[in-house]
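Q: work-v7.txt is reproduced below (compact mmCIF, C-alpha atoms).
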# COMPACT_ATOMS: atom_id res chain seq x y z
CA MET B 416 4.25 38.52 -4.78
CA ALA B 417 1.89 37.52 -2.05
CA GLU B 418 3.07 35.32 0.74
CA ALA B 419 2.44 31.61 0.30
CA PHE B 420 0.74 29.24 2.70
CA GLN B 421 0.01 25.53 2.91
CA PHE B 422 -3.19 24.41 1.24
CA GLU B 423 -4.60 20.89 1.34
CA LEU B 424 -7.53 19.54 -0.58
CA VAL B 425 -8.58 16.16 0.76
CA SER B 426 -11.34 13.85 -0.39
CA PRO B 427 -12.19 10.64 1.44
CA GLU B 428 -10.46 8.61 -1.24
CA ARG B 429 -7.23 10.55 -1.41
CA LEU B 430 -5.21 13.67 -0.87
CA LEU B 431 -5.63 15.74 -4.02
CA VAL B 432 -3.54 18.79 -3.34
CA SER B 433 -0.97 19.55 -0.71
CA GLU B 434 1.24 22.46 -1.66
CA GLN B 435 2.23 26.05 -1.10
CA VAL B 436 -0.30 28.43 -2.61
CA GLU B 437 -0.86 32.15 -2.80
CA SER B 438 -4.60 32.23 -2.59
CA VAL B 439 -7.61 29.95 -2.67
CA VAL B 440 -11.19 30.80 -3.54
CA ILE B 441 -13.61 28.64 -1.58
CA PRO B 442 -17.35 28.33 -2.26
CA GLY B 443 -18.40 28.78 1.36
CA ALA B 444 -21.92 28.07 2.52
CA GLU B 445 -22.43 31.77 3.18
CA GLY B 446 -20.74 33.01 0.04
CA GLU B 447 -17.48 32.69 -1.77
CA MET B 448 -14.37 33.67 0.07
CA THR B 449 -10.76 34.12 -0.87
CA VAL B 450 -8.24 32.79 1.59
CA MET B 451 -4.73 34.19 1.70
CA ALA B 452 -1.88 33.76 4.14
CA HIS B 453 -2.52 34.80 7.75
CA HIS B 454 -6.25 34.48 7.41
CA ALA B 455 -8.13 34.59 10.70
CA PRO B 456 -9.20 31.11 11.90
CA VAL B 457 -12.48 30.20 10.27
CA MET B 458 -14.36 27.02 9.91
CA THR B 459 -17.02 26.85 7.29
CA THR B 460 -19.10 24.35 5.41
CA ILE B 461 -18.89 24.54 1.66
CA LYS B 462 -21.49 24.14 -1.01
CA PRO B 463 -21.03 22.44 -4.37
CA GLY B 464 -18.88 24.70 -6.48
CA VAL B 465 -15.49 25.42 -7.93
CA VAL B 466 -12.35 25.88 -5.84
CA THR B 467 -9.77 28.06 -7.53
CA VAL B 468 -6.23 27.57 -6.35
CA LYS B 469 -3.45 29.95 -7.23
CA THR B 470 -0.18 28.17 -6.55
CA ALA B 471 3.00 29.80 -5.36
CA GLY B 472 4.37 29.27 -8.87
CA GLY B 473 1.63 31.50 -10.25
CA LYS B 474 -0.33 28.69 -11.85
CA GLU B 475 -4.09 28.56 -11.47
CA GLU B 476 -5.85 25.27 -10.86
CA ARG B 477 -9.54 24.66 -10.57
CA TYR B 478 -11.33 21.82 -8.78
CA VAL B 479 -14.97 20.95 -8.53
CA VAL B 480 -16.11 19.99 -5.04
CA PHE B 481 -19.44 18.61 -3.88
CA GLY B 482 -19.98 19.77 -0.34
CA GLY B 483 -17.68 19.41 2.59
CA PHE B 484 -16.04 21.93 4.89
CA ALA B 485 -12.95 24.03 5.23
CA ASP B 486 -10.72 24.57 8.20
CA ILE B 487 -8.74 27.76 7.92
CA VAL B 488 -5.97 28.75 10.30
CA PRO B 489 -3.29 31.45 9.85
CA ALA B 490 -0.72 28.83 8.91
CA GLY B 491 -2.78 27.04 6.31
CA CYS B 492 -6.05 25.90 4.95
CA THR B 493 -7.49 22.40 4.83
CA LEU B 494 -10.45 21.66 2.64
CA LEU B 495 -12.26 18.42 3.36
CA ALA B 496 -14.45 17.73 0.36
CA GLU B 497 -17.00 14.97 0.15
CA SER B 498 -15.86 14.47 -3.40
CA ALA B 499 -13.47 16.52 -5.47
CA VAL B 500 -12.17 16.39 -9.03
CA ALA B 501 -10.07 18.64 -11.19
CA VAL B 502 -12.26 20.70 -13.51
CA GLY B 503 -10.69 19.07 -16.55
CA ASP B 504 -11.66 15.60 -15.33
CA ILE B 505 -15.24 16.32 -14.44
CA ASP B 506 -17.63 13.68 -15.60
CA ARG B 507 -20.73 15.35 -17.03
CA ALA B 508 -22.78 12.18 -16.67
CA ASP B 509 -21.89 12.03 -13.00
CA LEU B 510 -22.94 15.62 -12.53
CA ALA B 511 -26.19 14.98 -14.35
CA ARG B 512 -26.81 12.00 -12.11
CA ARG B 513 -26.25 14.08 -9.01
CA ILE B 514 -28.68 16.68 -10.26
CA GLN B 515 -31.21 13.96 -10.97
CA ASP B 516 -30.76 12.63 -7.43
CA ALA B 517 -31.18 16.09 -5.98
CA LYS B 518 -34.37 16.57 -8.00
CA GLU B 519 -35.76 13.33 -6.63
CA ASP B 520 -34.78 14.35 -3.12
CA ALA B 521 -36.60 17.62 -3.53
CA ALA B 522 -39.67 15.84 -4.85
CA ASP B 523 -39.63 13.25 -2.06
CA ALA B 524 -39.05 15.68 0.79
CA LYS B 525 -41.68 15.23 3.48
CA ASP B 526 -41.57 18.49 5.38
CA ASP B 527 -40.90 22.05 4.34
CA GLN B 528 -37.52 22.27 5.97
CA SER B 529 -36.00 19.31 4.21
CA ARG B 530 -37.63 20.36 0.95
CA SER B 531 -36.12 23.81 1.06
CA LYS B 532 -32.78 22.24 1.90
CA ALA B 533 -33.01 19.85 -1.04
CA GLU B 534 -34.10 22.63 -3.37
CA GLN B 535 -31.25 24.79 -2.25
CA PHE B 536 -28.83 21.96 -2.93
CA LEU B 537 -30.38 21.45 -6.35
CA ALA B 538 -30.03 25.15 -7.15
CA GLN B 539 -26.36 25.03 -6.17
CA LEU B 540 -25.79 22.06 -8.40
CA THR B 541 -27.47 23.63 -11.41
CA THR B 542 -25.51 26.84 -10.91
CA LEU B 543 -22.37 24.76 -10.84
CA GLU B 544 -23.39 22.96 -13.99
CA SER B 545 -24.07 26.14 -15.92
CA ALA B 546 -20.79 27.60 -14.69
CA LEU B 547 -18.98 24.55 -15.99
CA MET B 548 -20.80 24.57 -19.30
CA ALA B 549 -19.73 28.15 -19.84
CA ALA B 550 -16.11 27.32 -19.05
CA MET K 613 -1.97 -49.83 -0.65
CA PRO K 614 -2.70 -47.50 -3.52
CA SER K 615 -1.42 -48.60 -6.89
CA LEU K 616 1.21 -46.69 -8.83
CA LYS K 617 -1.45 -45.28 -11.11
CA ASP K 618 -3.48 -43.96 -8.16
CA LEU K 619 -0.41 -42.27 -6.74
CA ARG K 620 0.40 -40.68 -10.06
CA ASN K 621 -3.10 -39.31 -10.28
CA ARG K 622 -2.99 -37.92 -6.78
CA ILE K 623 0.32 -36.21 -7.37
CA ALA K 624 -1.06 -34.64 -10.52
CA SER K 625 -4.15 -33.36 -8.73
CA VAL K 626 -2.19 -31.92 -5.81
CA LYS K 627 0.09 -30.20 -8.31
CA ALA K 628 -2.93 -28.65 -9.99
CA THR K 629 -4.23 -27.45 -6.63
CA GLN K 630 -0.86 -25.97 -5.82
CA LYS K 631 -0.90 -24.03 -9.05
CA ILE K 632 -4.29 -22.60 -8.18
CA THR K 633 -3.34 -21.61 -4.64
CA LYS K 634 -0.14 -20.08 -5.91
CA ALA K 635 -2.04 -18.01 -8.46
CA MET K 636 -4.52 -16.93 -5.78
CA GLN K 637 -1.68 -15.91 -3.54
CA MET K 638 -0.19 -13.74 -6.22
CA VAL K 639 -3.53 -12.16 -7.04
CA ALA K 640 -4.07 -11.47 -3.35
CA ALA K 641 -0.63 -9.90 -3.09
CA ALA K 642 -1.37 -7.55 -5.97
CA LYS K 643 -4.77 -6.67 -4.58
CA LEU K 644 -3.31 -6.20 -1.14
CA ARG K 645 -0.97 -3.56 -2.44
CA ARG K 646 -3.83 -1.71 -4.03
CA ALA K 647 -5.99 -2.02 -0.94
CA GLN K 648 -3.18 -0.79 1.24
CA GLU K 649 -2.64 2.19 -0.99
CA ALA K 650 -6.34 3.00 -0.85
CA ALA K 651 -6.32 2.74 2.93
CA GLU K 652 -3.30 4.99 3.15
CA ALA K 653 -4.78 7.53 0.75
CA ALA K 654 -7.91 7.73 2.87
CA ARG K 655 -6.01 8.31 6.06
CA PRO K 656 -5.42 12.08 5.77
CA TYR K 657 -9.13 12.74 5.47
CA SER K 658 -10.11 10.82 8.57
CA GLU K 659 -7.22 12.33 10.51
CA ARG K 660 -8.17 15.87 9.60
CA MET K 661 -11.79 15.07 10.24
CA GLY K 662 -10.83 13.89 13.71
CA SER K 663 -8.94 17.04 14.55
CA VAL K 664 -11.65 19.31 13.17
CA LEU K 665 -14.28 17.46 15.15
CA ALA K 666 -12.24 17.64 18.33
CA ASN K 667 -11.79 21.33 17.72
CA ILE K 668 -15.44 22.03 17.19
CA THR K 669 -16.64 19.93 20.11
CA GLN K 670 -14.30 21.93 22.24
CA ALA K 671 -15.86 25.12 20.94
CA ILE K 672 -19.33 23.94 21.75
CA GLY K 673 -18.15 22.50 25.02
CA GLY K 674 -20.81 19.82 25.10
CA GLY K 675 -23.47 22.49 25.00
CA GLY K 676 -27.12 21.74 24.57
CA ASP K 677 -27.09 22.18 20.82
CA ALA K 678 -24.93 19.13 20.14
CA PRO K 679 -26.84 16.80 17.84
CA ALA K 680 -28.34 13.58 19.15
CA LEU K 681 -26.01 11.54 16.97
CA MET K 682 -23.21 12.69 19.21
CA THR K 683 -24.80 12.67 22.61
CA GLY K 684 -26.87 9.54 22.06
CA THR K 685 -30.42 8.98 23.23
CA GLY K 686 -29.43 8.64 26.83
CA LYS K 687 -30.48 5.00 26.87
CA ASP K 688 -28.69 1.81 25.97
CA ASP K 689 -31.53 -0.62 25.47
CA VAL K 690 -31.29 -1.32 21.80
CA HIS K 691 -27.94 -2.02 20.19
CA LEU K 692 -27.20 -1.99 16.50
CA LEU K 693 -24.22 -3.99 15.34
CA VAL K 694 -22.74 -3.29 11.95
CA VAL K 695 -20.63 -6.33 11.16
CA CYS K 696 -18.24 -5.84 8.26
CA THR K 697 -16.71 -8.97 6.78
CA ALA K 698 -15.41 -10.07 3.43
CA GLU K 699 -17.53 -11.19 0.52
CA ARG K 700 -15.40 -14.20 -0.16
CA GLY K 701 -13.90 -16.98 1.85
CA LEU K 702 -10.55 -18.73 1.48
CA CYS K 703 -8.83 -16.22 3.67
CA GLY K 704 -8.01 -18.18 6.77
CA GLY K 705 -9.68 -17.18 10.00
CA PHE K 706 -10.35 -13.65 8.86
CA ASN K 707 -14.14 -13.77 8.66
CA SER K 708 -14.70 -16.11 11.56
CA GLN K 709 -12.57 -13.93 13.81
CA ILE K 710 -14.76 -10.91 13.19
CA ALA K 711 -17.90 -12.99 13.50
CA ARG K 712 -16.69 -14.48 16.75
CA LEU K 713 -16.04 -11.07 18.25
CA ALA K 714 -19.51 -9.96 17.17
CA ARG K 715 -21.08 -13.12 18.55
CA ASP K 716 -19.41 -12.72 21.93
CA HIS K 717 -20.64 -9.16 22.02
CA ILE K 718 -24.18 -10.21 21.12
CA ARG K 719 -24.20 -12.91 23.75
CA ARG K 720 -23.08 -10.44 26.39
CA LEU K 721 -25.71 -7.92 25.39
CA LEU K 722 -28.45 -10.52 25.37
CA ALA K 723 -27.37 -11.72 28.81
CA ASP K 724 -27.82 -8.16 30.03
CA GLY K 725 -31.32 -8.15 28.64
CA LYS K 726 -30.62 -5.71 25.79
CA GLN K 727 -32.18 -5.84 22.40
CA VAL K 728 -29.84 -6.48 19.49
CA LYS K 729 -30.15 -5.62 15.81
CA ILE K 730 -27.61 -6.51 13.18
CA ILE K 731 -26.64 -5.14 9.81
CA CYS K 732 -24.28 -7.38 7.91
CA VAL K 733 -21.85 -5.96 5.41
CA GLY K 734 -20.37 -8.76 3.38
CA LYS K 735 -21.66 -12.22 2.69
CA LYS K 736 -19.44 -14.27 4.95
CA GLY K 737 -20.39 -12.62 8.19
CA PHE K 738 -24.02 -12.91 7.21
CA ASP K 739 -23.64 -16.63 6.60
CA ILE K 740 -22.05 -17.17 10.00
CA LEU K 741 -24.38 -14.99 12.04
CA ARG K 742 -27.47 -16.21 10.25
CA ARG K 743 -27.11 -19.58 11.92
CA ASP K 744 -27.71 -18.24 15.41
CA TYR K 745 -29.21 -14.83 15.10
CA ALA K 746 -31.22 -14.85 11.89
CA SER K 747 -34.14 -13.03 13.50
CA MET K 748 -31.98 -10.07 14.53
CA ILE K 749 -30.46 -9.37 11.14
CA LEU K 750 -32.14 -6.34 9.68
CA GLU K 751 -30.28 -6.16 6.49
CA ARG K 752 -27.41 -7.46 4.49
CA VAL K 753 -25.36 -5.05 2.44
CA ASP K 754 -23.92 -6.69 -0.61
CA LEU K 755 -20.65 -5.27 -1.90
CA ARG K 756 -19.93 -8.17 -4.19
CA GLU K 757 -20.51 -6.18 -7.33
CA VAL K 758 -18.28 -3.37 -6.18
CA LYS K 759 -14.92 -3.43 -7.89
CA THR K 760 -13.18 -0.58 -6.17
CA LEU K 761 -14.49 0.48 -2.83
CA GLY K 762 -15.62 4.09 -3.03
CA PHE K 763 -16.77 6.58 -0.48
CA VAL K 764 -20.29 6.29 -1.91
CA ASN K 765 -20.53 2.68 -0.72
CA ALA K 766 -19.64 3.68 2.82
CA ASP K 767 -21.91 6.69 2.61
CA ALA K 768 -24.87 4.52 1.65
CA ILE K 769 -24.33 2.30 4.68
CA ALA K 770 -23.87 5.25 7.01
CA ARG K 771 -27.03 6.83 5.67
CA LYS K 772 -29.00 3.70 6.44
CA VAL K 773 -27.65 3.67 9.97
CA ILE K 774 -28.42 7.34 10.53
CA HIS K 775 -31.90 6.97 9.09
CA LEU K 776 -32.55 4.12 11.47
CA PHE K 777 -31.23 6.16 14.35
CA ASN K 778 -33.48 9.10 13.53
CA GLU K 779 -36.45 6.79 13.55
CA GLY K 780 -35.47 5.68 17.03
CA GLY K 781 -34.48 2.21 15.85
CA PHE K 782 -31.57 1.88 18.25
CA ASP K 783 -29.59 3.67 20.94
CA ILE K 784 -26.03 2.55 20.46
CA CYS K 785 -24.29 1.55 17.27
CA THR K 786 -21.10 -0.46 17.18
CA LEU K 787 -19.01 -1.18 14.14
CA PHE K 788 -17.21 -4.51 13.81
CA TYR K 789 -14.32 -4.81 11.46
CA SER K 790 -10.78 -6.02 11.27
CA GLN K 791 -7.97 -3.63 11.82
CA PHE K 792 -5.15 -4.09 9.37
CA LYS K 793 -1.97 -4.28 11.35
CA SER K 794 0.24 -6.19 8.98
CA VAL K 795 -0.02 -8.87 6.35
CA ILE K 796 0.02 -11.58 8.96
CA SER K 797 -1.98 -9.93 11.69
CA GLN K 798 -5.43 -8.44 11.50
CA ILE K 799 -7.09 -7.50 14.73
CA PRO K 800 -10.86 -7.80 14.93
CA THR K 801 -12.12 -4.59 16.46
CA ALA K 802 -15.35 -3.24 17.86
CA GLN K 803 -15.79 0.49 17.59
CA GLN K 804 -18.71 2.49 18.86
CA ILE K 805 -19.82 5.07 16.31
CA ILE K 806 -23.10 6.30 17.76
CA PRO K 807 -22.99 8.13 20.08
CA ALA K 808 -19.66 9.26 18.77
CA GLY K 809 -16.86 8.92 21.25
CA ILE K 810 -15.02 12.13 20.44
CA ALA K 811 -15.21 13.67 23.85
CA SER K 812 -11.85 12.25 24.81
CA ALA K 813 -10.01 13.78 21.88
CA PRO K 814 -9.78 17.55 22.57
CA ALA K 815 -6.34 17.27 24.13
CA GLU K 816 -4.76 16.83 20.70
CA ALA K 817 -6.58 19.67 19.02
CA THR K 818 -3.57 21.86 18.91
CA ALA K 819 -3.19 22.32 15.16
CA GLY K 820 -4.84 25.71 15.25
CA GLY K 821 -3.44 26.67 18.61
CA ASN K 822 -6.00 28.06 20.96
CA ALA K 823 -7.07 30.52 18.34
CA VAL K 824 -10.62 31.67 18.49
CA TYR K 825 -12.39 30.30 15.50
CA GLU K 826 -15.05 32.01 13.57
CA TYR K 827 -17.77 29.68 12.48
CA GLU K 828 -19.79 29.95 9.37
CA PRO K 829 -22.58 29.03 9.89
CA GLU K 830 -23.03 28.40 13.64
CA PRO K 831 -20.94 25.64 15.29
CA GLY K 832 -24.06 23.63 16.04
CA GLU K 833 -25.07 23.71 12.43
CA ILE K 834 -21.64 22.71 11.22
CA LEU K 835 -21.67 19.89 13.69
CA THR K 836 -25.01 18.57 12.46
CA ASP K 837 -23.45 18.51 9.04
CA LEU K 838 -20.21 17.04 10.24
CA ILE K 839 -21.30 14.17 12.45
CA PRO K 840 -23.11 12.16 9.76
CA ARG K 841 -20.14 12.74 7.50
CA ASN K 842 -17.86 11.51 10.22
CA ILE K 843 -19.88 8.33 10.52
CA SER K 844 -19.52 7.77 6.78
CA VAL K 845 -15.79 8.28 7.14
CA GLN K 846 -15.58 5.77 9.97
CA VAL K 847 -17.49 3.21 7.95
CA PHE K 848 -15.33 3.92 4.93
CA ARG K 849 -12.20 3.45 6.93
CA ALA K 850 -13.51 0.19 8.37
CA LEU K 851 -14.30 -1.07 4.89
CA LEU K 852 -10.88 -0.15 3.58
CA GLU K 853 -9.09 -1.73 6.52
CA ASN K 854 -11.22 -4.80 6.02
CA ALA K 855 -10.37 -4.97 2.34
CA ALA K 856 -6.67 -4.75 3.08
CA GLY K 857 -6.99 -7.25 5.91
CA GLU K 858 -8.91 -9.70 3.79
CA MET K 859 -6.25 -9.64 1.12
CA GLY K 860 -3.50 -10.00 3.69
CA ALA K 861 -5.24 -12.94 5.31
CA LYS K 862 -5.92 -14.50 1.94
CA MET K 863 -2.32 -14.09 0.95
CA SER K 864 -0.96 -15.84 4.02
CA ALA K 865 -3.66 -18.53 3.86
CA MET K 866 -2.81 -19.23 0.24
CA ASP K 867 0.88 -19.18 1.02
CA ASN K 868 0.27 -21.85 3.64
CA ALA K 869 -1.84 -23.85 1.24
CA THR K 870 0.85 -23.70 -1.42
CA ARG K 871 3.44 -24.87 1.05
CA ASN K 872 1.22 -27.67 2.31
CA ALA K 873 0.61 -28.79 -1.24
CA GLY K 874 4.39 -28.83 -1.77
CA ASP K 875 4.87 -30.99 1.32
CA MET K 876 2.18 -33.33 0.17
CA ILE K 877 3.70 -33.66 -3.27
CA ASN K 878 7.04 -34.51 -1.67
CA LYS K 879 5.50 -37.15 0.52
CA LEU K 880 3.51 -38.67 -2.29
CA SER K 881 6.51 -38.74 -4.60
CA ILE K 882 8.57 -40.58 -1.99
CA THR K 883 5.83 -43.18 -1.59
CA TYR K 884 5.52 -43.39 -5.34
CA ASN K 885 9.26 -43.90 -5.87
CA ARG K 886 9.47 -46.44 -3.10
CA GLN K 887 6.65 -48.43 -4.48
CA ARG K 888 8.04 -48.33 -7.97
CA GLN K 889 11.39 -49.52 -6.64
CA ALA K 890 9.66 -52.30 -4.72
CA GLN K 891 7.91 -53.39 -7.83
CA ILE K 892 11.11 -53.44 -9.84
CA THR K 893 12.84 -55.45 -7.14
CA LYS K 894 9.94 -57.84 -7.04
CA GLU K 895 10.07 -58.36 -10.78
CA LEU K 896 13.83 -58.90 -10.64
CA ILE K 897 13.46 -61.50 -7.91
CA GLU K 898 10.83 -63.26 -9.97
CA ILE K 899 13.09 -63.34 -13.03
CA ILE K 900 16.14 -64.47 -11.08
CA SER K 901 14.34 -67.14 -9.13
CA GLY K 902 12.76 -68.28 -12.40
CA ALA K 903 16.21 -68.56 -13.99
CA GLU K 904 17.57 -70.39 -10.97
CA ALA K 905 14.78 -72.96 -11.07
CA LEU K 906 15.75 -74.05 -14.56
Starting from the file, give its structure as structure tokens.
A:
Amino acid sequence: MAEAFQFELVSPERLLVSEQVESVVIPGAEGEMTVMAHHAPVMTTIKPGVVTVKTAGGKEERYVVFGGFADIVPAGCTLLAESAVAVGDIDRADLARRIQDAKEDAADAKDDQSRSKAEQFLAQLTTLESALMAA
Amino acid sequence: MPSLKDLRNRIASVKATQKITKAMQMVAAAKLRRAQEAAEAARPYSERMGSVLANITQAIGGGGDAPALMTGTGKDDVHLLVVCTAERGLCGGFNSQIARLARDHIRRLLADGKQVKIICVGKKGFDILRRDYASMILERVDLREVKTLGFVNADAIARKVIHLFNEGGFDICTLFYSQFKSVISQIPTAQQIIPAGIASAPAEATAGGNAVYEYEPEPGEILTDLIPRNISVQVFRALLENAAGEMGAKMSAMDNATRNAGDMINKLSITYNRQRQAQITKELIEIISGAEAL
């Protein structure tokens, strides 16, 4: 059994998870990454996606996060999400609304840089949606 | 001298008022608990955010790539005041305390020849500040329809502020709200959010030791992402503290009102009883003296 470490998932409204876990898969801005105990210190922004948590008890929990960032140190990992919900509780209407917003953002973007950013965000959201539909 | 009937009516009306204030007090107490829980639940996020920010500023070391939101524009000519108050009254001096602090601040700034702009969050502060500074109020954010304060509400306000900043609308932004200390004491506070005053924090950034962090993407880029988020968090925290403070203030105000109503009922009942007794005595005297005259 792999060594456990402290993982915390925090959204502005509340602390969602704070427990000993074996591994966490984080949708980092530069690709997914799995964090295990004694990970080298990393700080990364995260994109909308699914966080998979494997608890010390061997259970697997999945959460949907919409952007934020992760602070990883050897002793633990803190994930600050702009908004986070357990996969089971995800509100499809809310997701659809976010996608709609992102579409409007992309359409309204004034310069190329912000447009590509908005489109990227939109792509991430739609990927997330299709991933959830499949689940 | 009011008649017995008048007194009876007054006692009845004060009793009705007391019932209302008592009910309001209990509602406020229940809401206070919820607001306090919300404020407590939000605390971990802002704490972690603080330590991460301190950490990353240390890494950058105030380098040239720090975003303008953090370093400011280098001027302090135009000030933006975000004044957060409650949407409703009947909570003692809660709203006027915040408004007074903001007004003192405005007066000082104007005396120094600065330009002042105001964004009002909440109706009450708007009503108070409108009297003197109507021309400076840019906007009024209405949270009346909002049942439970969410991060989205704070985010919307923060976005407005940041948008304004990027357009060069102001140089320094200060947030006015009431810090929730306890049910009976709320401290009106002014907090500068742009440029962010994080520079003083690095001393406590020990959570990760002095480990060398790897940043993904570059620290500067993370920071550009982080700072606006931090502003949203600050606003969110202010709103939550305000909500808890409002309920606390309302609770103690309504408690006072209930007690005052009780005192008043006591006083009125004494007058009422005395007068009734006087009337009875008077009638008795009339009967007795009538009988004696026969």
Q: Compile a residue-level contact table for chain B against chain K at a cut-off of 8 Å, reporting for every qualifying residue the shortest atom pair and its distance in Å to one decimal, with only C-alpha atoms counted, rows ordered by chain and ascending number, as a Markdown table.
A:
| residue | atom | partner | partner_atom | distance |
| --- | --- | --- | --- | --- |
| B:Val425 | CA | K:Tyr657 | CA | 5.8 |
| B:Ser426 | CA | K:Tyr657 | CA | 6.4 |
| B:Pro427 | CA | K:Ala654 | CA | 5.4 |
| B:Glu428 | CA | K:Ala654 | CA | 4.9 |
| B:Arg429 | CA | K:Ala653 | CA | 4.4 |
| B:Leu430 | CA | K:Ala653 | CA | 6.4 |
| B:Ala444 | CA | K:Glu828 | CA | 7.4 |
| B:Glu445 | CA | K:Glu828 | CA | 7.0 |
| B:Ala455 | CA | K:Tyr825 | CA | 7.7 |
| B:Pro456 | CA | K:Tyr825 | CA | 4.9 |
| B:Val457 | CA | K:Glu826 | CA | 4.6 |
| B:Met458 | CA | K:Tyr827 | CA | 5.0 |
| B:Thr459 | CA | K:Glu828 | CA | 4.6 |
| B:Thr460 | CA | K:Ile834 | CA | 6.5 |
| B:Asp486 | CA | K:Val664 | CA | 7.3 |
| B:Val488 | CA | K:Gly820 | CA | 5.9 |
| B:Leu495 | CA | K:Tyr657 | CA | 6.8 |
Q: Keeping only C-alpha atoms, take the residues you just selected and write them out as a CSV table (one decimal), keeping the file's coordinate frame.
A:
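Result went into out-v2.csv, see below:
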chain,number,residue,atom,x,y,z
B,425,VAL,CA,-8.6,16.2,0.8
B,426,SER,CA,-11.3,13.8,-0.4
B,427,PRO,CA,-12.2,10.6,1.4
B,428,GLU,CA,-10.5,8.6,-1.2
B,429,ARG,CA,-7.2,10.6,-1.4
B,430,LEU,CA,-5.2,13.7,-0.9
B,444,ALA,CA,-21.9,28.1,2.5
B,445,GLU,CA,-22.4,31.8,3.2
B,455,ALA,CA,-8.1,34.6,10.7
B,456,PRO,CA,-9.2,31.1,11.9
B,457,VAL,CA,-12.5,30.2,10.3
B,458,MET,CA,-14.4,27.0,9.9
B,459,THR,CA,-17.0,26.8,7.3
B,460,THR,CA,-19.1,24.4,5.4
B,486,ASP,CA,-10.7,24.6,8.2
B,488,VAL,CA,-6.0,28.8,10.3
B,495,LEU,CA,-12.3,18.4,3.4
Q: I'd like the contact shell of stretch 503-511 of chain B - 9 Å cut-off, only C-alpha atoms, skipping same-chain residues fewer than 5 positions apart - returned as a PyMOL selection string.
A: chain B and resi 477-479+516+540+544
Q: Between K:Met682, K:Val733, K:Ala624, K:Met638, which one has atoms that come closest to K:Pro807, using all atoms listed in the file?
A: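 Checking each of K:Met682, K:Val733, K:Ala624, K:Met638 against K:Pro807, counting all atoms listed in the file, the winner is K:Met682.
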Q: Fewer than 2 positions away in the same chain doesn't count, so skip those; otherwise give me all residues within 9 Å of stretch 874-883 of chain K, counting all atoms listed in the file, as a PyMOL selection string.
A: chain K and resi 619-620+622-624+626-627+630+869-872+885-888
Q: Could you jot down the atom CA of K:Val639 to atom CA of K:Ile796 separation for me, Å, one decimal place?
A: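 About the pair atom CA of K:Val639 and atom CA of K:Ile796: they are 16.4 Å apart.
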Q: Can you tell me which residues surround K:Leu750 at a distance of at most 9 Å, considering only C-alpha atoms, apart from same-chain residues fewer than 6 positions away, and format the answer as a list in words?
A: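 The contact residues come out as Lys729, Ile730, Ile731 and Cys732 of chain K.
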Q: If you measure from atom CA of B:Leu494 to atom CA of K:Gln670, what distance in Å do you get, rounded to one decimal?
A: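 Computing it gives 20.0 Å between the two atoms.
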Q: Counting all atoms listed in the file, which of B:Gly446, B:Ile487, B:Val436, B:Gln535 gets nearest to B:Gly472?
A: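 Smallest separation from B:Gly472 among the options: B:Val436.
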Q: (-39.7, 18.6, -0.9) in this file's frame - what residues fall within 12 Å of it? Use only C-alpha atoms and give the answer as a PDB file with C-alpha atoms, in the frame of the given file.
A:
ATOM      1  CA  ALA B 517     -31.180  16.090  -5.980  1.00  0.00           C
ATOM      2  CA  LYS B 518     -34.370  16.570  -8.000  1.00  0.00           C
ATOM      3  CA  GLU B 519     -35.760  13.330  -6.630  1.00  0.00           C
ATOM      4  CA  ASP B 520     -34.780  14.350  -3.120  1.00  0.00           C
ATOM      5  CA  ALA B 521     -36.600  17.620  -3.530  1.00  0.00           C
ATOM      6  CA  ALA B 522     -39.670  15.840  -4.850  1.00  0.00           C
ATOM      7  CA  ASP B 523     -39.630  13.250  -2.060  1.00  0.00           C
ATOM      8  CA  ALA B 524     -39.050  15.680   0.790  1.00  0.00           C
ATOM      9  CA  LYS B 525     -41.680  15.230   3.480  1.00  0.00           C
ATOM     10  CA  ASP B 526     -41.570  18.490   5.380  1.00  0.00           C
ATOM     11  CA  ASP B 527     -40.900  22.050   4.340  1.00  0.00           C
ATOM     12  CA  GLN B 528     -37.520  22.270   5.970  1.00  0.00           C
ATOM     13  CA  SER B 529     -36.000  19.310   4.210  1.00  0.00           C
ATOM     14  CA  ARG B 530     -37.630  20.360   0.950  1.00  0.00           C
ATOM     15  CA  SER B 531     -36.120  23.810   1.060  1.00  0.00           C
ATOM     16  CA  LYS B 532     -32.780  22.240   1.900  1.00  0.00           C
ATOM     17  CA  ALA B 533     -33.010  19.850  -1.040  1.00  0.00           C
ATOM     18  CA  GLU B 534     -34.100  22.630  -3.370  1.00  0.00           C
ATOM     19  CA  GLN B 535     -31.250  24.790  -2.250  1.00  0.00           C
ATOM     20  CA  PHE B 536     -28.830  21.960  -2.930  1.00  0.00           C
ATOM     21  CA  LEU B 537     -30.380  21.450  -6.350  1.00  0.00           C
TER      22      LEU B 537
END
Q: For atom CA of B:Ala499 and atom CA of K:Glu699, quote the distance in Å rounded to one decimal.
A: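 Between atom CA of B:Ala499 and atom CA of K:Glu699 the gap works out to 28.6 Å.
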Q: I'd like to know which of K:Cys696, K:Ile710, K:Ile839, K:Val753 is closest to K:Thr669, using all atoms listed in the file.
A: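 Closest to K:Thr669, using all atoms listed in the file: K:Ile839.
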Q: As a PyMOL selection string, please: the residues near B:Thr470 (cut-off 9 Å, all atoms listed in the file, same-chain neighbours under 5 positions excluded).
A: chain B and resi 419+434-439+475-476
Q: Could you please take those selected residues and save C-alpha atoms as a tab-separated table (two decimals), in the coordinates of the input?
A:
chain	number	residue	atom	x	y	z
B	419	ALA	CA	2.44	31.61	0.30
B	434	GLU	CA	1.24	22.46	-1.66
B	435	GLN	CA	2.23	26.05	-1.10
B	436	VAL	CA	-0.30	28.43	-2.61
B	437	GLU	CA	-0.86	32.15	-2.80
B	438	SER	CA	-4.60	32.23	-2.59
B	439	VAL	CA	-7.61	29.95	-2.67
B	475	GLU	CA	-4.09	28.56	-11.47
B	476	GLU	CA	-5.85	25.27	-10.86
